[in-house]
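Structure file data-v1.cif; described as mmCIF, C-alpha atoms and all ligand atoms.
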```cif
data_structure
#
loop_
_atom_site.group_PDB
_atom_site.id
_atom_site.type_symbol
_atom_site.label_atom_id
_atom_site.label_comp_id
_atom_site.auth_asym_id
_atom_site.auth_seq_id
_atom_site.Cartn_x
_atom_site.Cartn_y
_atom_site.Cartn_z
ATOM 1 C CA MET I 1 21.877 24.322 13.111
ATOM 2 C CA LEU I 2 21.930 20.542 13.498
ATOM 3 C CA ALA I 3 19.276 18.698 11.481
ATOM 4 C CA ARG I 4 16.447 17.098 13.472
ATOM 5 C CA LYS I 5 16.925 13.304 13.417
ATOM 6 C CA VAL I 6 13.605 11.689 12.507
ATOM 7 C CA VAL I 7 12.044 8.261 12.043
ATOM 8 C CA LEU I 8 8.787 8.509 10.093
ATOM 9 C CA ASP I 9 6.119 5.861 10.689
ATOM 10 C CA CYS I 10 3.493 6.184 7.986
ATOM 11 C CA ASP I 11 0.750 4.651 5.861
ATOM 12 C CA PRO I 12 1.279 6.101 2.351
ATOM 13 C CA GLY I 13 -1.291 7.424 1.300
ATOM 14 C CA HIS I 14 -1.079 10.601 -0.741
ATOM 15 C CA ASP I 15 -0.283 12.961 2.093
ATOM 16 C CA ASP I 16 2.161 10.557 3.735
ATOM 17 C CA ALA I 17 4.052 10.399 0.430
ATOM 18 C CA ILE I 18 4.282 14.183 0.348
ATOM 19 C CA ALA I 19 5.476 14.192 3.969
ATOM 20 C CA ILE I 20 8.297 11.801 3.035
ATOM 21 C CA MET I 21 9.253 14.067 0.139
ATOM 22 C CA LEU I 22 9.180 17.218 2.264
ATOM 23 C CA ALA I 23 11.404 15.572 4.880
ATOM 24 C CA CYS I 24 13.938 14.539 2.234
ATOM 25 C CA ALA I 25 13.849 17.967 0.601
ATOM 26 C CA SER I 26 14.627 19.808 3.834
ATOM 27 C CA PRO I 27 18.085 20.313 5.373
ATOM 28 C CA GLU I 28 16.443 20.823 8.764
ATOM 29 C CA ILE I 29 15.467 17.147 8.777
ATOM 30 C CA GLU I 30 17.636 14.024 8.734
ATOM 31 C CA LEU I 31 15.278 11.180 7.847
ATOM 32 C CA LEU I 32 16.987 8.164 9.403
ATOM 33 C CA ALA I 33 14.347 5.535 8.579
ATOM 34 C CA VAL I 34 10.809 5.003 7.368
ATOM 35 C CA THR I 35 8.508 2.423 8.910
ATOM 36 C CA THR I 36 5.114 1.455 7.631
ATOM 37 C CA VAL I 37 1.804 0.486 9.155
ATOM 38 C CA ALA I 38 -1.563 -0.632 7.817
ATOM 39 C CA GLY I 39 -4.006 2.231 7.670
ATOM 40 C CA ASN I 40 -4.904 4.077 4.490
ATOM 41 C CA VAL I 41 -4.394 0.784 2.687
ATOM 42 C CA THR I 42 -2.985 -2.641 3.567
ATOM 43 C CA LEU I 43 0.556 -2.984 4.905
ATOM 44 C CA GLU I 44 1.713 -4.531 1.628
ATOM 45 C CA HIS I 45 0.667 -1.380 -0.235
ATOM 46 C CA THR I 46 1.836 1.174 2.349
ATOM 47 C CA THR I 47 5.257 -0.493 2.402
ATOM 48 C CA ARG I 48 5.485 -0.687 -1.387
ATOM 49 C CA ASN I 49 4.457 2.961 -1.625
ATOM 50 C CA ALA I 50 7.097 4.132 0.853
ATOM 51 C CA LEU I 51 9.749 2.303 -1.182
ATOM 52 C CA ARG I 52 8.393 3.798 -4.431
ATOM 53 C CA VAL I 53 8.469 7.364 -3.126
ATOM 54 C CA LEU I 54 12.042 7.038 -1.820
ATOM 55 C CA ASP I 55 13.101 5.593 -5.197
ATOM 56 C CA LEU I 56 11.506 8.545 -6.965
ATOM 57 C CA ILE I 57 13.560 11.093 -5.047
ATOM 58 C CA GLY I 58 16.807 9.126 -5.132
ATOM 59 C CA ARG I 59 16.744 8.140 -1.484
ATOM 60 C CA ALA I 60 16.775 4.352 -1.665
ATOM 61 C CA ASP I 61 19.543 4.631 0.961
ATOM 62 C CA ILE I 62 16.921 5.289 3.643
ATOM 63 C CA PRO I 63 15.878 1.978 5.239
ATOM 64 C CA VAL I 64 12.217 0.983 5.173
ATOM 65 C CA ALA I 65 10.734 -1.661 7.479
ATOM 66 C CA ALA I 66 7.171 -2.932 7.629
ATOM 67 C CA GLY I 67 5.290 -2.972 10.927
ATOM 68 C CA ARG I 68 1.869 -4.089 11.988
ATOM 69 C CA ASP I 69 -0.600 -5.223 9.368
ATOM 70 C CA ARG I 70 -3.618 -4.519 11.587
ATOM 71 C CA PRO I 71 -4.561 -2.587 14.725
ATOM 72 C CA LEU I 72 -3.728 -3.946 18.192
ATOM 73 C CA LEU I 73 -7.239 -5.219 18.886
ATOM 74 C CA ARG I 74 -9.643 -4.079 16.185
ATOM 75 C CA ASP I 75 -9.977 -5.348 12.632
ATOM 76 C CA LEU I 76 -8.295 -3.207 10.000
ATOM 77 C CA SER I 77 -10.473 -0.637 8.251
ATOM 78 C CA THR I 78 -8.726 1.202 5.415
ATOM 79 C CA ALA I 79 -9.286 4.465 3.553
ATOM 80 C CA ALA I 80 -8.899 2.858 0.126
ATOM 81 C CA VAL I 81 -12.019 4.761 -0.911
ATOM 82 C CA MET I 82 -9.940 7.941 -0.617
ATOM 83 C CA HIS I 83 -6.463 6.816 -1.644
ATOM 84 C CA GLY I 84 -7.328 4.005 -4.090
ATOM 85 C CA GLU I 85 -6.610 0.315 -3.517
ATOM 86 C CA SER I 86 -2.912 0.916 -4.225
ATOM 87 C CA GLY I 87 -2.832 3.838 -1.767
ATOM 88 C CA LEU I 88 -1.339 6.226 -4.336
ATOM 89 C CA ALA I 89 -4.053 6.593 -6.963
ATOM 90 C CA GLY I 90 -3.022 9.016 -9.687
ATOM 91 C CA PRO I 91 0.607 8.429 -10.781
ATOM 92 C CA LEU I 92 1.560 5.439 -12.905
ATOM 93 C CA GLU I 93 2.350 2.529 -10.598
ATOM 94 C CA VAL I 94 5.986 1.408 -10.796
ATOM 95 C CA GLU I 95 7.610 -1.454 -8.939
ATOM 96 C CA PRO I 96 10.048 -0.385 -6.188
ATOM 97 C CA SER I 97 13.748 -1.041 -6.792
ATOM 98 C CA ARG I 98 14.060 -2.967 -3.525
ATOM 99 C CA GLY I 99 12.070 -4.688 -0.843
ATOM 100 C CA PRO I 100 11.772 -3.597 2.776
ATOM 101 C CA ALA I 101 14.551 -4.336 5.263
ATOM 102 C CA ASP I 102 14.621 -7.808 6.796
ATOM 103 C CA LEU I 103 13.549 -6.232 10.091
ATOM 104 C CA THR I 104 10.214 -5.369 11.616
ATOM 105 C CA ALA I 105 9.363 -1.714 12.125
ATOM 106 C CA LEU I 106 9.911 -2.204 15.842
ATOM 107 C CA GLU I 107 13.363 -3.718 15.256
ATOM 108 C CA LEU I 108 14.394 -0.918 12.906
ATOM 109 C CA ILE I 109 13.179 1.801 15.283
ATOM 110 C CA GLU I 110 15.026 0.121 18.165
ATOM 111 C CA GLN I 111 18.170 -0.130 16.029
ATOM 112 C CA VAL I 112 18.006 3.577 15.207
ATOM 113 C CA LEU I 113 17.244 4.672 18.765
ATOM 114 C CA VAL I 114 20.140 2.740 20.300
ATOM 115 C CA SER I 115 22.636 3.703 17.601
ATOM 116 C CA GLU I 116 22.037 7.466 17.621
ATOM 117 C CA VAL I 117 23.950 9.547 20.129
ATOM 118 C CA GLU I 118 21.180 12.141 20.434
ATOM 119 C CA PRO I 119 17.501 11.332 21.129
ATOM 120 C CA VAL I 120 15.446 10.819 17.969
ATOM 121 C CA THR I 121 12.082 12.321 17.018
ATOM 122 C CA LEU I 122 9.366 9.825 16.077
ATOM 123 C CA VAL I 123 6.873 11.208 13.573
ATOM 124 C CA ALA I 124 3.709 9.162 13.017
ATOM 125 C CA THR I 125 1.314 9.928 10.195
ATOM 126 C CA GLY I 126 -0.815 6.804 10.272
ATOM 127 C CA PRO I 127 -2.522 4.702 12.912
ATOM 128 C CA LEU I 128 -0.321 4.488 16.032
ATOM 129 C CA THR I 129 -0.011 0.706 16.165
ATOM 130 C CA ASN I 130 3.778 0.608 15.622
ATOM 131 C CA ILE I 131 4.395 3.495 18.017
ATOM 132 C CA ALA I 132 2.373 1.721 20.700
ATOM 133 C CA ASP I 133 4.635 -1.305 20.212
ATOM 134 C CA VAL I 134 7.709 0.907 20.760
ATOM 135 C CA ILE I 135 6.201 2.190 24.007
ATOM 136 C CA THR I 136 5.107 -1.168 25.401
ATOM 137 C CA GLN I 137 7.979 -3.332 24.170
ATOM 138 C CA LEU I 138 10.958 -0.955 24.495
ATOM 139 C CA PRO I 139 10.440 0.703 27.902
ATOM 140 C CA GLU I 140 14.173 0.817 28.519
ATOM 141 C CA ILE I 141 14.808 3.217 25.652
ATOM 142 C CA HIS I 142 11.960 5.695 26.050
ATOM 143 C CA GLY I 143 14.650 8.180 27.071
ATOM 144 C CA ARG I 144 16.129 7.924 23.598
ATOM 145 C CA ILE I 145 12.954 9.388 22.098
ATOM 146 C CA ARG I 146 13.162 13.200 21.937
ATOM 147 C CA GLU I 147 9.451 13.579 21.231
ATOM 148 C CA ILE I 148 6.597 12.040 19.286
ATOM 149 C CA VAL I 149 4.821 14.197 16.703
ATOM 150 C CA ILE I 150 1.646 12.743 15.225
ATOM 151 C CA MET I 151 -0.847 13.681 12.587
ATOM 152 C CA GLY I 152 -4.119 12.656 14.135
ATOM 153 C CA GLY I 153 -7.078 13.561 16.257
ATOM 154 C CA ALA I 154 -9.105 16.721 16.520
ATOM 155 C CA VAL I 155 -10.308 19.059 19.241
ATOM 156 C CA GLU I 156 -13.677 19.335 17.557
ATOM 157 C CA LEU I 157 -15.184 17.305 14.686
ATOM 158 C CA GLY I 158 -13.777 14.097 13.269
ATOM 159 C CA ASN I 159 -13.335 13.269 9.592
ATOM 160 C CA TRP I 160 -13.983 9.531 9.551
ATOM 161 C CA THR I 161 -16.836 9.512 12.012
ATOM 162 C CA PRO I 162 -18.511 12.650 13.338
ATOM 163 C CA ALA I 163 -16.420 12.172 16.492
ATOM 164 C CA ALA I 164 -13.098 10.712 15.377
ATOM 165 C CA GLU I 165 -10.209 11.384 13.005
ATOM 166 C CA PHE I 166 -9.128 8.435 10.838
ATOM 167 C CA ASN I 167 -5.660 7.619 12.281
ATOM 168 C CA ILE I 168 -6.944 7.523 15.851
ATOM 169 C CA TRP I 169 -10.190 5.765 14.890
ATOM 170 C CA VAL I 170 -8.367 2.916 13.107
ATOM 171 C CA ASP I 171 -6.436 2.005 16.263
ATOM 172 C CA PRO I 172 -7.771 3.819 19.346
ATOM 173 C CA ASP I 173 -6.154 1.288 21.697
ATOM 174 C CA ALA I 174 -2.724 2.108 20.285
ATOM 175 C CA ALA I 175 -3.478 5.824 20.508
ATOM 176 C CA LYS I 176 -4.425 5.435 24.195
ATOM 177 C CA ILE I 177 -1.038 3.842 24.882
ATOM 178 C CA VAL I 178 0.778 6.664 23.083
ATOM 179 C CA PHE I 179 -1.208 9.480 24.722
ATOM 180 C CA GLU I 180 -0.687 7.946 28.189
ATOM 181 C CA SER I 181 3.021 7.184 27.690
ATOM 182 C CA GLY I 182 4.399 10.357 29.255
ATOM 183 C CA ILE I 183 6.724 10.818 26.277
ATOM 184 C CA PRO I 184 6.628 14.434 24.981
ATOM 185 C CA LEU I 185 3.808 14.436 22.419
ATOM 186 C CA THR I 186 2.555 16.907 19.835
ATOM 187 C CA MET I 187 -0.783 16.296 18.120
ATOM 188 C CA ILE I 188 -1.231 17.913 14.714
ATOM 189 C CA GLY I 189 -4.969 17.453 14.334
ATOM 190 C CA LEU I 190 -7.705 18.441 11.953
ATOM 191 C CA GLU I 191 -8.066 22.019 13.219
ATOM 192 C CA VAL I 192 -4.612 22.559 11.721
ATOM 193 C CA THR I 193 -4.523 20.200 8.765
ATOM 194 C CA HIS I 194 -7.886 21.187 7.335
ATOM 195 C CA LYS I 195 -6.279 24.573 6.639
ATOM 196 C CA ALA I 196 -3.276 22.935 4.933
ATOM 197 C CA TRP I 197 -4.890 22.243 1.610
ATOM 198 C CA LEU I 198 -3.454 22.387 -1.925
ATOM 199 C CA THR I 199 -5.466 23.016 -5.113
ATOM 200 C CA ASP I 200 -5.297 22.256 -8.804
ATOM 201 C CA GLU I 201 -3.377 25.502 -9.256
ATOM 202 C CA HIS I 202 -0.683 24.244 -6.919
ATOM 203 C CA ALA I 203 -0.558 21.000 -8.900
ATOM 204 C CA GLU I 204 0.080 23.032 -12.057
ATOM 205 C CA GLN I 205 2.904 24.920 -10.344
ATOM 206 C CA LEU I 206 4.563 21.604 -9.519
ATOM 207 C CA ARG I 207 3.906 19.797 -12.792
ATOM 208 C CA GLY I 208 6.695 21.534 -14.615
ATOM 209 C CA SER I 209 9.302 21.143 -11.859
ATOM 210 C CA GLY I 210 10.884 17.803 -12.606
ATOM 211 C CA ARG I 211 9.699 14.236 -12.048
ATOM 212 C CA PRO I 212 9.132 14.547 -8.263
ATOM 213 C CA GLY I 213 7.022 17.648 -8.803
ATOM 214 C CA GLU I 214 5.148 15.932 -11.620
ATOM 215 C CA PHE I 215 4.514 12.947 -9.309
ATOM 216 C CA VAL I 216 3.048 15.216 -6.629
ATOM 217 C CA ALA I 217 0.902 16.915 -9.276
ATOM 218 C CA GLU I 218 -0.429 13.506 -10.307
ATOM 219 C CA LEU I 219 -1.141 12.676 -6.661
ATOM 220 C CA LEU I 220 -2.998 15.971 -6.342
ATOM 221 C CA ASP I 221 -4.990 15.338 -9.507
ATOM 222 C CA HIS I 222 -6.648 12.451 -7.662
ATOM 223 C CA PHE I 223 -6.535 13.793 -4.092
ATOM 224 C CA VAL I 224 -7.944 17.252 -4.904
ATOM 225 C CA LYS I 225 -10.797 15.838 -7.001
ATOM 226 C CA PHE I 226 -11.726 13.398 -4.227
ATOM 227 C CA HIS I 227 -12.004 16.215 -1.658
ATOM 228 C CA GLN I 228 -13.841 18.533 -4.031
ATOM 229 C CA ASP I 229 -16.377 15.821 -4.847
ATOM 230 C CA ARG I 230 -16.712 14.383 -1.325
ATOM 231 C CA PHE I 231 -16.539 17.520 0.818
ATOM 232 C CA GLY I 232 -16.994 20.387 -1.631
ATOM 233 C CA TRP I 233 -13.649 21.837 -0.529
ATOM 234 C CA PRO I 234 -11.425 23.942 -2.811
ATOM 235 C CA GLY I 235 -8.495 21.560 -2.353
ATOM 236 C CA ALA I 236 -7.063 18.541 -0.558
ATOM 237 C CA PRO I 237 -5.613 18.808 2.954
ATOM 238 C CA ILE I 238 -2.004 17.590 2.977
ATOM 239 C CA HIS I 239 -2.461 16.458 6.575
ATOM 240 C CA ASP I 240 0.765 14.526 7.124
ATOM 241 C CA ALA I 241 3.165 17.070 5.628
ATOM 242 C CA VAL I 242 2.253 19.461 8.443
ATOM 243 C CA THR I 243 4.078 17.276 10.982
ATOM 244 C CA ILE I 244 7.322 17.709 9.033
ATOM 245 C CA ALA I 245 6.683 21.403 8.361
ATOM 246 C CA HIS I 246 6.170 21.867 12.107
ATOM 247 C CA LEU I 247 9.633 20.406 12.767
ATOM 248 C CA ILE I 248 11.170 22.563 10.032
ATOM 249 C CA ASP I 249 9.573 25.769 11.306
ATOM 250 C CA PRO I 250 7.919 25.600 14.751
ATOM 251 C CA THR I 251 6.386 29.057 14.220
ATOM 252 C CA LEU I 252 3.976 27.707 11.581
ATOM 253 C CA VAL I 253 1.649 25.820 13.922
ATOM 254 C CA THR I 254 0.180 27.299 17.097
ATOM 255 C CA THR I 255 -0.016 24.694 19.858
ATOM 256 C CA LEU I 256 -1.491 24.619 23.350
ATOM 257 C CA ALA I 257 -0.716 22.088 26.081
ATOM 258 C CA MET I 258 -3.818 20.323 27.336
ATOM 259 C CA ASN I 259 -5.137 17.017 28.588
ATOM 260 C CA VAL I 260 -6.246 14.647 25.831
ATOM 261 C CA GLN I 261 -7.784 11.240 26.423
ATOM 262 C CA ILE I 262 -8.769 8.638 23.849
ATOM 263 C CA ASP I 263 -12.249 7.113 23.840
ATOM 264 C CA THR I 264 -11.737 3.351 23.465
ATOM 265 C CA ILE I 265 -15.129 2.386 24.938
ATOM 266 C CA SER I 266 -17.924 4.239 23.187
ATOM 267 C CA SER I 267 -19.439 2.856 20.016
ATOM 268 C CA LEU I 268 -20.679 6.285 18.955
ATOM 269 C CA CYS I 269 -17.466 8.206 19.771
ATOM 270 C CA MET I 270 -14.875 5.424 19.435
ATOM 271 C CA GLY I 271 -11.442 6.890 18.677
ATOM 272 C CA ARG I 272 -12.323 10.420 19.723
ATOM 273 C CA THR I 273 -9.488 12.552 21.068
ATOM 274 C CA VAL I 274 -11.263 14.087 24.052
ATOM 275 C CA ALA I 275 -9.288 17.332 24.305
ATOM 276 C CA ASP I 276 -9.728 19.444 27.432
ATOM 277 C CA ARG I 277 -9.357 22.714 25.501
ATOM 278 C CA TRP I 278 -10.721 24.831 28.418
ATOM 279 C CA SER I 279 -9.100 22.897 31.309
ATOM 280 C CA VAL I 280 -12.407 21.903 32.839
ATOM 281 C CA THR I 281 -11.201 18.504 34.093
ATOM 282 C CA GLY I 282 -8.222 19.689 36.126
ATOM 283 C CA LEU I 283 -6.306 16.774 34.601
ATOM 284 C CA PRO I 284 -2.642 17.438 33.744
ATOM 285 C CA ALA I 285 -1.702 18.388 30.204
ATOM 286 C CA ASN I 286 -0.174 15.426 28.344
ATOM 287 C CA VAL I 287 -0.179 16.744 24.756
ATOM 288 C CA HIS I 288 0.776 19.872 22.843
ATOM 289 C CA VAL I 289 -2.251 20.245 20.554
ATOM 290 C CA GLY I 290 -2.127 22.147 17.278
ATOM 291 C CA LEU I 291 -4.868 24.766 17.101
ATOM 292 C CA ASP I 292 -3.931 26.877 14.079
ATOM 293 C CA ILE I 293 -1.467 27.202 11.196
ATOM 294 C CA ASP I 294 -0.076 30.036 9.104
ATOM 295 C CA ARG I 295 -1.511 28.552 5.912
ATOM 296 C CA ASP I 296 0.247 30.831 3.448
ATOM 297 C CA ARG I 297 3.704 30.200 4.919
ATOM 298 C CA PHE I 298 2.997 26.451 5.027
ATOM 299 C CA VAL I 299 2.037 26.335 1.349
ATOM 300 C CA THR I 300 5.041 28.464 0.371
ATOM 301 C CA LEU I 301 7.398 26.199 2.330
ATOM 302 C CA LEU I 302 5.890 22.986 0.977
ATOM 303 C CA LEU I 303 5.796 24.021 -2.688
ATOM 304 C CA GLY I 304 9.238 25.581 -2.475
ATOM 305 C CA ARG I 305 10.836 22.477 -1.031
ATOM 306 C CA LEU I 306 9.020 20.027 -3.317
ATOM 307 C CA SER I 307 10.048 21.993 -6.399
ATOM 308 C CA GLN I 308 13.689 21.745 -5.305
ATOM 309 C CA LEU I 309 13.682 17.932 -5.318
ATOM 310 C CA ALA I 310 15.949 16.659 -8.128
HETATM 311 O O1 LIG A 1 -7.194 11.894 8.872
HETATM 312 C C1 LIG A 1 -6.094 12.106 8.023
HETATM 313 C C2 LIG A 1 -5.071 11.040 8.203
HETATM 314 O O2 LIG A 1 -5.611 9.786 7.811
HETATM 315 C C3 LIG A 1 -3.829 11.231 7.306
HETATM 316 O O3 LIG A 1 -2.709 10.699 7.960
HETATM 317 C C4 LIG A 1 -4.145 10.429 6.082
HETATM 318 O O4 LIG A 1 -2.959 9.933 5.440
HETATM 319 C C5 LIG A 1 -4.884 9.274 6.695
HETATM 320 O O5 LIG A 1 -3.938 8.342 7.156
HETATM 321 CA CA CA A 2 -1.350 8.998 6.829
#
```

Spell out the structure here as structure tokens.
Ligand code: RIB
Ligand code: CA
Amino acid sequence: MLARKVVLDCDPGHDDAIAIMLACASPEIELLAVTTVAGNVTLEHTTRNALRVLDLIGRADIPVAAGRDRPLLRDLSTAAVMHGESGLAGPLEVEPSRGPADLTALELIEQVLVSEVEPVTLVATGPLTNIADVITQLPEIHGRIREIVIMGGAVELGNWTPAAEFNIWVDPDAAKIVFESGIPLTMIGLEVTHKAWLTDEHAEQLRGSGRPGEFVAELLDHFVKFHQDRFGWPGAPIHDAVTIAHLIDPTLVTTLAMNVQIDTISSLCMGRTVADRWSVTGLPANVHVGLDIDRDRFVTLLLGRLSQLA
């Protein structure tokens, strides 16, 4: 089976870091490039963190390019309260071995899309600012995008406001562009990712499995405690890793095609993914929305792959 060619646009962030590691640990995925966006923390930190994670797993061959340092229209609001100012609270901070490529995220994505023979999958696990740029500024190569898979949104409750999930809320204008693009789109939202949590016990399983596993355990030490204290949950949802797991094994996540629109007007519900779960609008489906996940198989896959990293 040919590996799925992927560009990952992310805002590391604990769960983004684990998504990068899962992609690199999986033969089903060929991670062609990583691009970064401001979201969880500032662009400087998300870019530095992507470089650090790739160093850790011996993949400094994968190019990293920095994208937008703020949303299209709104001011940047980060989740530093959750991820720490550095974006990867927990493990000892080390300097990356290299800087980002001398390209913007948009330039690197364009370079990859035009150089690959087969269409490429864009995975986005942060605010959709960079992906919106691809859609608006590279209309001539939309056909070279196989599909877009995002972590973001929710059919029901939000996690950053009562109505909105963080990635969409940070840049709802970018999300509107992506959801209206007509490019095949899968939304892995909170209904799925809130079941994809890891606990302290999982951290202990990983701690003894080499430096990458120890690094993930140190990420979880912080990330699990934050979610236990803030939400009273047993563990921390590894939101972003589900996008990669979905590409590895499409039977893990149950999806349903439906119409989803982004609220970019309301103050109360800004950034809400208004998902027509029961087809009441008659509007055409534009998104495959994740509704459920086989949690046990996800956890087994994730831990198994992470523990295999050198
Ligand atoms: O709402 C969860 C999402 O917001 C994840 O992508 C997490 O990394 C943060 O960016
Ligand atoms: Ca993220």

Apply the PyMOL selection byres (((chain I and resi 241-256) around 7) and not hetatm) to the structure shown and report the selected residues as a PDB file with C-alpha atoms, in the coordinates of the input.
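The resulting result_16.pdb:
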```pdb
ATOM      1  CA  ASP I  15      -0.283  12.961   2.093  1.00  0.00           C
ATOM      2  CA  ASP I  16       2.161  10.557   3.735  1.00  0.00           C
ATOM      3  CA  ILE I  18       4.282  14.183   0.348  1.00  0.00           C
ATOM      4  CA  ALA I  19       5.476  14.192   3.969  1.00  0.00           C
ATOM      5  CA  LEU I  22       9.180  17.218   2.264  1.00  0.00           C
ATOM      6  CA  ALA I  23      11.404  15.572   4.880  1.00  0.00           C
ATOM      7  CA  GLU I  28      16.443  20.823   8.764  1.00  0.00           C
ATOM      8  CA  VAL I 149       4.821  14.197  16.703  1.00  0.00           C
ATOM      9  CA  ILE I 150       1.646  12.743  15.225  1.00  0.00           C
ATOM     10  CA  MET I 151      -0.847  13.681  12.587  1.00  0.00           C
ATOM     11  CA  ILE I 188      -1.231  17.913  14.714  1.00  0.00           C
ATOM     12  CA  THR I 193      -4.523  20.200   8.765  1.00  0.00           C
ATOM     13  CA  ILE I 238      -2.004  17.590   2.977  1.00  0.00           C
ATOM     14  CA  HIS I 239      -2.461  16.458   6.575  1.00  0.00           C
ATOM     15  CA  ASP I 240       0.765  14.526   7.124  1.00  0.00           C
ATOM     16  CA  ALA I 257      -0.716  22.088  26.081  1.00  0.00           C
ATOM     17  CA  MET I 258      -3.818  20.323  27.336  1.00  0.00           C
ATOM     18  CA  HIS I 288       0.776  19.872  22.843  1.00  0.00           C
ATOM     19  CA  VAL I 289      -2.251  20.245  20.554  1.00  0.00           C
ATOM     20  CA  GLY I 290      -2.127  22.147  17.278  1.00  0.00           C
ATOM     21  CA  LEU I 291      -4.868  24.766  17.101  1.00  0.00           C
ATOM     22  CA  ASP I 292      -3.931  26.877  14.079  1.00  0.00           C
ATOM     23  CA  ILE I 293      -1.467  27.202  11.196  1.00  0.00           C
ATOM     24  CA  ASP I 294      -0.076  30.036   9.104  1.00  0.00           C
ATOM     25  CA  PHE I 298       2.997  26.451   5.027  1.00  0.00           C
TER      26      PHE I 298
END
```

- Message: Please identify all protein, DNA and RNA residues within 7 Å of ligand LIG 1 (chain A), counting all atoms listed in the file, and report them as a PyMOL selection string.
- Response: chain I and resi 11-16+39-40+125-127+151-152+159+165-167+239-240

Judged by only C-alpha atoms, the minimum distance to Met21 in chain I among I:Ala124, I:Val81, I:Leu303, I:Leu76 is found for I:Leu303

Shortest contact to Gly182 in chain I, candidates I:Lys225, I:Arg146, I:Arg70, I:Arg207, atoms counted only C-alpha atoms, goes to I:Arg146

Min atom-atom distance to ligand CA 2 (chain A) from the set I:Val123, I:Asp61, I:Ser115, I:Ala33, counting all atoms listed in the file, belongs to I:Val123

Using only C-alpha atoms, which of I:Arg277, I:His222, I:Arg211, I:His202 sits nearest Val299 in chain I?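 For Val299 in chain I, the nearest of the candidates is I:His202.
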
Apply the PyMOL selection byres (((chain I and resi 119) around 7) and not hetatm) to the file shown and report the selected residues as a list in words.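 What the PyMOL selection byres (((chain I and resi 119) around 7) and not hetatm) grabs from the file is Glu116, Val117, Glu118, Val120, Thr121, Arg144, Ile145 and Arg146 of chain I.
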
| field | Closest of I:Arg59, I:Lys176, I:Arg52, I:His83 to Leu219 in chain I - atom-to-atom distances counting only C-alpha atoms | value |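 Of all the options, I:His83 lies closest to Leu219 in chain I.
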
Checklist line | Polymer residues at most 6 Å from (11.1, -1.9, 21.2) by all atoms listed in the file, as a list of chain:residue names | finding: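 Looking at atoms near the point gives I:Leu106, I:Glu110, I:Val134, I:Gln137, I:Leu138.
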
Please evaluate the PyMOL selection byres (((chain I and resi 179) around 9) and not hetatm) against the structure above and give the resulting residues as a list in words.
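Applied to this file, the PyMOL selection byres (((chain I and resi 179) around 9) and not hetatm) selects Ala174, Ala175, Lys176, Ile177, Val178, Glu180, Ser181, Gly182, Ile183, Leu185, Val260, Gln261, Ile262, Asn286 and Val287 of chain I.
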
### Task
Tell me which of I:Val64, I:Met270, I:Ile131, I:Val41 sits closest to Glu147 in chain I, counting all atoms listed in the file.
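Using all atoms listed in the file, the shortest distance to Glu147 in chain I belongs to I:Ile131.
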
Quick one: everything within 6 Å of Asp9 in chain I, counting all atoms listed in the file, minus sequence neighbours fewer than 4 positions away in the same chain. Send it as an MDAnalysis selection string.
chainID I and resid 34:36 124

Quick check, in Å to one decimal: how far apart do CA of Gly153 in chain I and CA of Trp169 in chain I lie?
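A separation of 8.5 Å between them.
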
- Message: Using Å and a single decimal, report how far CA of Val53 in chain I sits from CA of Asp221 in chain I.
- Response: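 That distance, rounded to one decimal, is 16.9 Å.
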
Which residues are near Gly158 in chain I? Cut-off 10 Å, only C-alpha atoms, ignore same chain within fewer than 3 positions. Put them as a list in words.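 So the residues in contact are Gly152, Gly153, Ala154, Val155, Thr161, Pro162, Ala163, Ala164, Glu165, Phe166, Ile168, Trp169, Gly189, Leu190, Glu191, Cys269, Gly271, Arg272 and Thr273 of chain I.
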
Between CA of Thr264 in chain I and CA of Asp173 in chain I, distance in Å (one decimal):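 Taking CA of Thr264 in chain I and CA of Asp173 in chain I, their separation equals 6.2 Å.
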
Could you work out an axis-aligned box for range 245-252 of chain I, taking every atom the file lists and adding 5 Å on each side, and report centre and edge lengths in Å to one decimal, as JSON?
```
{"center_x": 7.6, "center_y": 24.7, "center_z": 11.6, "size_x": 17.2, "size_y": 18.7, "size_z": 16.4}
```

| query | Skipping near chain neighbours, those fewer than 2 positions away, what residues fall within 7 Å of Ala65 in chain I using only C-alpha atoms, listed as a PyMOL selection string? | reply | chain I and resi 34-36+63+67+100-101+103-105+108
